[in-house]
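A.B. asks: To start, I am sharing the structure in question, which I have written as structure tokens.
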Amino acid sequence: MSDTTPRFIALDIHAQPLADGMPHLITRDTRTGLEWTDATASISRPHAEAMTACEAVTIAGGGWRAPTREELLSIVDISRCDPAVDPEAFPFVKPRWYWSSDAAAWSSASAWLVHFNGGFVYYGLRRNGGGFALAVRRAGQ
């Protein structure tokens with residue numbers, strides 16, 4: 001990546017750079033090579049449902065999955081709050097809890113979440129409906 005390449009690129013439903021009038025549905029991170037999109041359409045849900053929602057995303061050819069905790073943290077911007085993410089790069093991210101695919105080591109009933117209000121990490125019971133989901137994939141899939 002050169003010094004002039006932007007970190008985040010807004011993409012349309014076909015994973016192409018935005019043309020006039022096209023909605024911003026996917027964000028490509030040029031640093032990590034990951035593409036991101038909303039998987040839960042503003043609906044908070046239990047962990048299993050959020051994981052299924054990520055895999056069910058079909059835009060731009062599919063291949064989507066739930067992110068790991070580390071992947072979610074890679075888009076946190078600690079210089080921001082409410083949301084703790086670049087709102088132009090991620091217009092679909094709310095300042096709420098987002099599930100990761102990572103289980104908590106001490107409890108199979110819990111998984112890790114990242115909160116995009118302040119950028120902090122905590123665990124939650126998988127059966128609770130307290131999390132949203134972002135879907136992720138490698139760019140070019």
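Chain lettering (A, B, ...) mirrors the order of the structure tokens, residue numbering begins at 1 for each chain separately, and ligand numbering begins at 1 in order of display.
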Distance table requested - region 46-131 of chain A against region 6-9 of chain A, cut-off 10 Å, only C-alpha atoms: one row per qualifying residue with the closest atom pair and its distance in Å to one decimal, ordered by chain and rising residue number, as a Markdown table.

C.D. replies:
| residue | atom | partner | partner_atom | distance |
| --- | --- | --- | --- | --- |
| A:Ile75 | CA | A:Phe8 | CA | 9.7 |
| A:Asp86 | CA | A:Phe8 | CA | 9.2 |
| A:Glu88 | CA | A:Phe8 | CA | 9.2 |
| A:Ala89 | CA | A:Phe8 | CA | 6.0 |
| A:Phe90 | CA | A:Phe8 | CA | 8.9 |

A.B. asks: What's around Glu49 (chain A) at 10 Å? Count only C-alpha atoms, leave out sequence neighbours fewer than 3 positions away in its own chain, and write the answer as a list of chain:residue names.

C.D. replies: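 Near Glu49 (chain A), the qualifying residues are A:Thr40, A:Ser44, A:Arg45, A:Pro46, A:Thr52, A:Ala53, A:Cys54, A:Arg126, A:Arg127, A:Gly129, A:Gly131, A:Phe132, A:Ala133.
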
A.B. asks: Suppose we keep N, CA and C atoms; can you now write the selection as a compact mmCIF listing (two decimals), in the first residue's frame?

C.D. replies:
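After the write, selection16.txt holds the following:
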# COMPACT_ATOMS: atom_id res chain seq x y z
N THR A 40 -26.73 -7.93 9.88
CA THR A 40 -27.94 -8.12 10.68
C THR A 40 -29.01 -7.07 10.46
N SER A 44 -30.56 -6.70 16.64
CA SER A 44 -29.73 -7.35 17.66
C SER A 44 -30.23 -8.78 17.83
N ARG A 45 -29.30 -9.72 17.93
CA ARG A 45 -29.71 -11.12 18.01
C ARG A 45 -28.72 -11.96 18.81
N PRO A 46 -29.12 -13.16 19.18
CA PRO A 46 -28.21 -14.07 19.87
C PRO A 46 -27.03 -14.45 18.97
N THR A 52 -25.00 -17.14 11.77
CA THR A 52 -25.73 -17.62 10.60
C THR A 52 -26.00 -16.46 9.63
N ALA A 53 -26.36 -15.30 10.17
CA ALA A 53 -26.62 -14.13 9.33
C ALA A 53 -25.38 -13.74 8.53
N CYS A 54 -24.21 -13.84 9.14
CA CYS A 54 -22.96 -13.50 8.42
C CYS A 54 -22.74 -14.45 7.24
N ARG A 126 -23.94 -16.34 24.79
CA ARG A 126 -24.33 -16.53 23.39
C ARG A 126 -25.84 -16.51 23.18
N ARG A 127 -26.58 -16.96 24.15
CA ARG A 127 -28.03 -17.05 23.97
C ARG A 127 -28.74 -15.70 24.09
N GLY A 129 -29.72 -11.85 23.26
CA GLY A 129 -29.94 -11.15 21.99
C GLY A 129 -29.26 -9.81 21.94
N GLY A 131 -26.40 -8.57 20.56
CA GLY A 131 -25.32 -8.23 19.66
C GLY A 131 -25.75 -8.12 18.21
N PHE A 132 -25.06 -7.24 17.49
CA PHE A 132 -25.23 -7.10 16.05
C PHE A 132 -24.12 -7.89 15.38
N ALA A 133 -24.09 -7.92 14.06
CA ALA A 133 -23.04 -8.66 13.37
C ALA A 133 -22.59 -7.94 12.12

A.B. asks: Using DSSP on the backbone, list every residue of chain A that comes out as helix (DSSP H, G or I), and give them as an MDAnalysis selection string.

C.D. replies: chainID A and resid 47:55 59:61 69:73

A.B. asks: From the options A:Gly118, A:Ser100, A:Gln16, A:Arg137, which residue's atoms come nearest to Ser79 (chain A), counting only C-alpha atoms?

C.D. replies: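 Looking at the shortest contact to Ser79 (chain A), the residue is A:Gly118.
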
A.B. asks: With only C-alpha atoms as the counted atoms, please give the residues lying no more than 10 Å from Pro91 (chain A), apart from itself and same-chain residues fewer than 4 positions off, as number ranges by chain.

C.D. replies: A: 10, 24-27, 37-38, 83, 85-87

A.B. asks: Please write the residues from the selection above to a file, keeping N, CA and C atoms, as a PDB file, in the first residue's frame.

C.D. replies:
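Saved to selection-v2.pdb:
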ATOM      1  N   ALA A  10     -14.903   2.667  -0.138  1.00  0.00           N
ATOM      2  CA  ALA A  10     -16.337   2.385  -0.169  1.00  0.00           C
ATOM      3  C   ALA A  10     -16.684   1.647  -1.455  1.00  0.00           C
ATOM      4  N   HIS A  24     -23.475   2.730  -0.364  1.00  0.00           N
ATOM      5  CA  HIS A  24     -22.241   2.210   0.238  1.00  0.00           C
ATOM      6  C   HIS A  24     -22.621   0.998   1.091  1.00  0.00           C
ATOM      7  N   LEU A  25     -22.345  -0.201   0.588  1.00  0.00           N
ATOM      8  CA  LEU A  25     -22.719  -1.426   1.287  1.00  0.00           C
ATOM      9  C   LEU A  25     -21.533  -2.233   1.795  1.00  0.00           C
ATOM     10  N   ILE A  26     -20.361  -2.020   1.217  1.00  0.00           N
ATOM     11  CA  ILE A  26     -19.168  -2.789   1.567  1.00  0.00           C
ATOM     12  C   ILE A  26     -18.022  -1.808   1.782  1.00  0.00           C
ATOM     13  N   THR A  27     -17.174  -2.103   2.752  1.00  0.00           N
ATOM     14  CA  THR A  27     -15.962  -1.316   2.969  1.00  0.00           C
ATOM     15  C   THR A  27     -14.763  -2.237   2.856  1.00  0.00           C
ATOM     16  N   THR A  37     -19.273  -5.787   5.682  1.00  0.00           N
ATOM     17  CA  THR A  37     -20.630  -5.355   5.399  1.00  0.00           C
ATOM     18  C   THR A  37     -21.520  -5.680   6.596  1.00  0.00           C
ATOM     19  N   ASP A  38     -22.670  -5.039   6.642  1.00  0.00           N
ATOM     20  CA  ASP A  38     -23.641  -5.291   7.715  1.00  0.00           C
ATOM     21  C   ASP A  38     -24.320  -6.633   7.462  1.00  0.00           C
ATOM     22  N   PRO A  83     -19.607   6.706  17.081  1.00  0.00           N
ATOM     23  CA  PRO A  83     -18.980   5.389  17.147  1.00  0.00           C
ATOM     24  C   PRO A  83     -17.454   5.460  17.166  1.00  0.00           C
ATOM     25  N   VAL A  85     -15.342   4.130  15.330  1.00  0.00           N
ATOM     26  CA  VAL A  85     -14.989   3.649  13.998  1.00  0.00           C
ATOM     27  C   VAL A  85     -15.200   4.838  13.069  1.00  0.00           C
ATOM     28  N   ASP A  86     -14.477   4.882  11.960  1.00  0.00           N
ATOM     29  CA  ASP A  86     -14.645   5.974  11.002  1.00  0.00           C
ATOM     30  C   ASP A  86     -16.052   5.898  10.399  1.00  0.00           C
ATOM     31  N   PRO A  87     -16.922   6.879  10.694  1.00  0.00           N
ATOM     32  CA  PRO A  87     -18.309   6.793  10.232  1.00  0.00           C
ATOM     33  C   PRO A  87     -18.467   6.923   8.714  1.00  0.00           C
TER      34      PRO A  87
END

A.B. asks: Using only C-alpha atoms, find each residue of region 30-87 of chain A with at least one atom at most 9 Å away from an atom of region 120-125 of chain A; report its shortest atom-to-atom pair and that distance in Å (one decimal), sort the rows by chain and rising residue number, and return the result as JSON lines.

C.D. replies:
{"residue": "A:Pro46", "atom": "CA", "partner": "A:Leu125", "partner_atom": "CA", "distance": 8.4}
{"residue": "A:His47", "atom": "CA", "partner": "A:Leu125", "partner_atom": "CA", "distance": 8.1}
{"residue": "A:Arg69", "atom": "CA", "partner": "A:Val121", "partner_atom": "CA", "distance": 8.3}
{"residue": "A:Leu73", "atom": "CA", "partner": "A:Val121", "partner_atom": "CA", "distance": 8.5}
{"residue": "A:Val76", "atom": "CA", "partner": "A:Phe120", "partner_atom": "CA", "distance": 8.9}

A.B. asks: For the residues in the current selection, export N, CA and C atoms as a tab-separated table (two decimals), in the first residue's frame.

C.D. replies:
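Produced file selection00.tsv, reproduced below:
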chain	number	residue	atom	x	y	z
A	46	PRO	N	-29.12	-13.16	19.18
A	46	PRO	CA	-28.21	-14.07	19.87
A	46	PRO	C	-27.03	-14.45	18.97
A	47	HIS	N	-25.97	-14.97	19.57
A	47	HIS	CA	-24.74	-15.29	18.86
A	47	HIS	C	-24.96	-16.21	17.66
A	69	ARG	N	-12.50	-11.66	16.99
A	69	ARG	CA	-12.36	-10.49	17.86
A	69	ARG	C	-11.24	-9.58	17.35
A	73	LEU	N	-11.49	-5.66	16.14
A	73	LEU	CA	-10.65	-4.62	16.75
A	73	LEU	C	-9.79	-3.89	15.72
A	76	VAL	N	-11.50	-0.63	14.84
A	76	VAL	CA	-11.76	0.34	15.91
A	76	VAL	C	-10.81	1.52	15.74

A.B. asks: What residues in region 11-135 of chain A get the DSSP label strand (DSSP E)? Please answer as number ranges by chain.

C.D. replies: A: 11, 26-29, 34-38, 97-104, 107-115, 120-125, 134-135

A.B. asks: Pick the closest to Thr4 (chain A) from A:Ala104, A:Thr30, A:Met51, A:Met22: which is it, counting only C-alpha atoms?

C.D. replies: A:Thr30
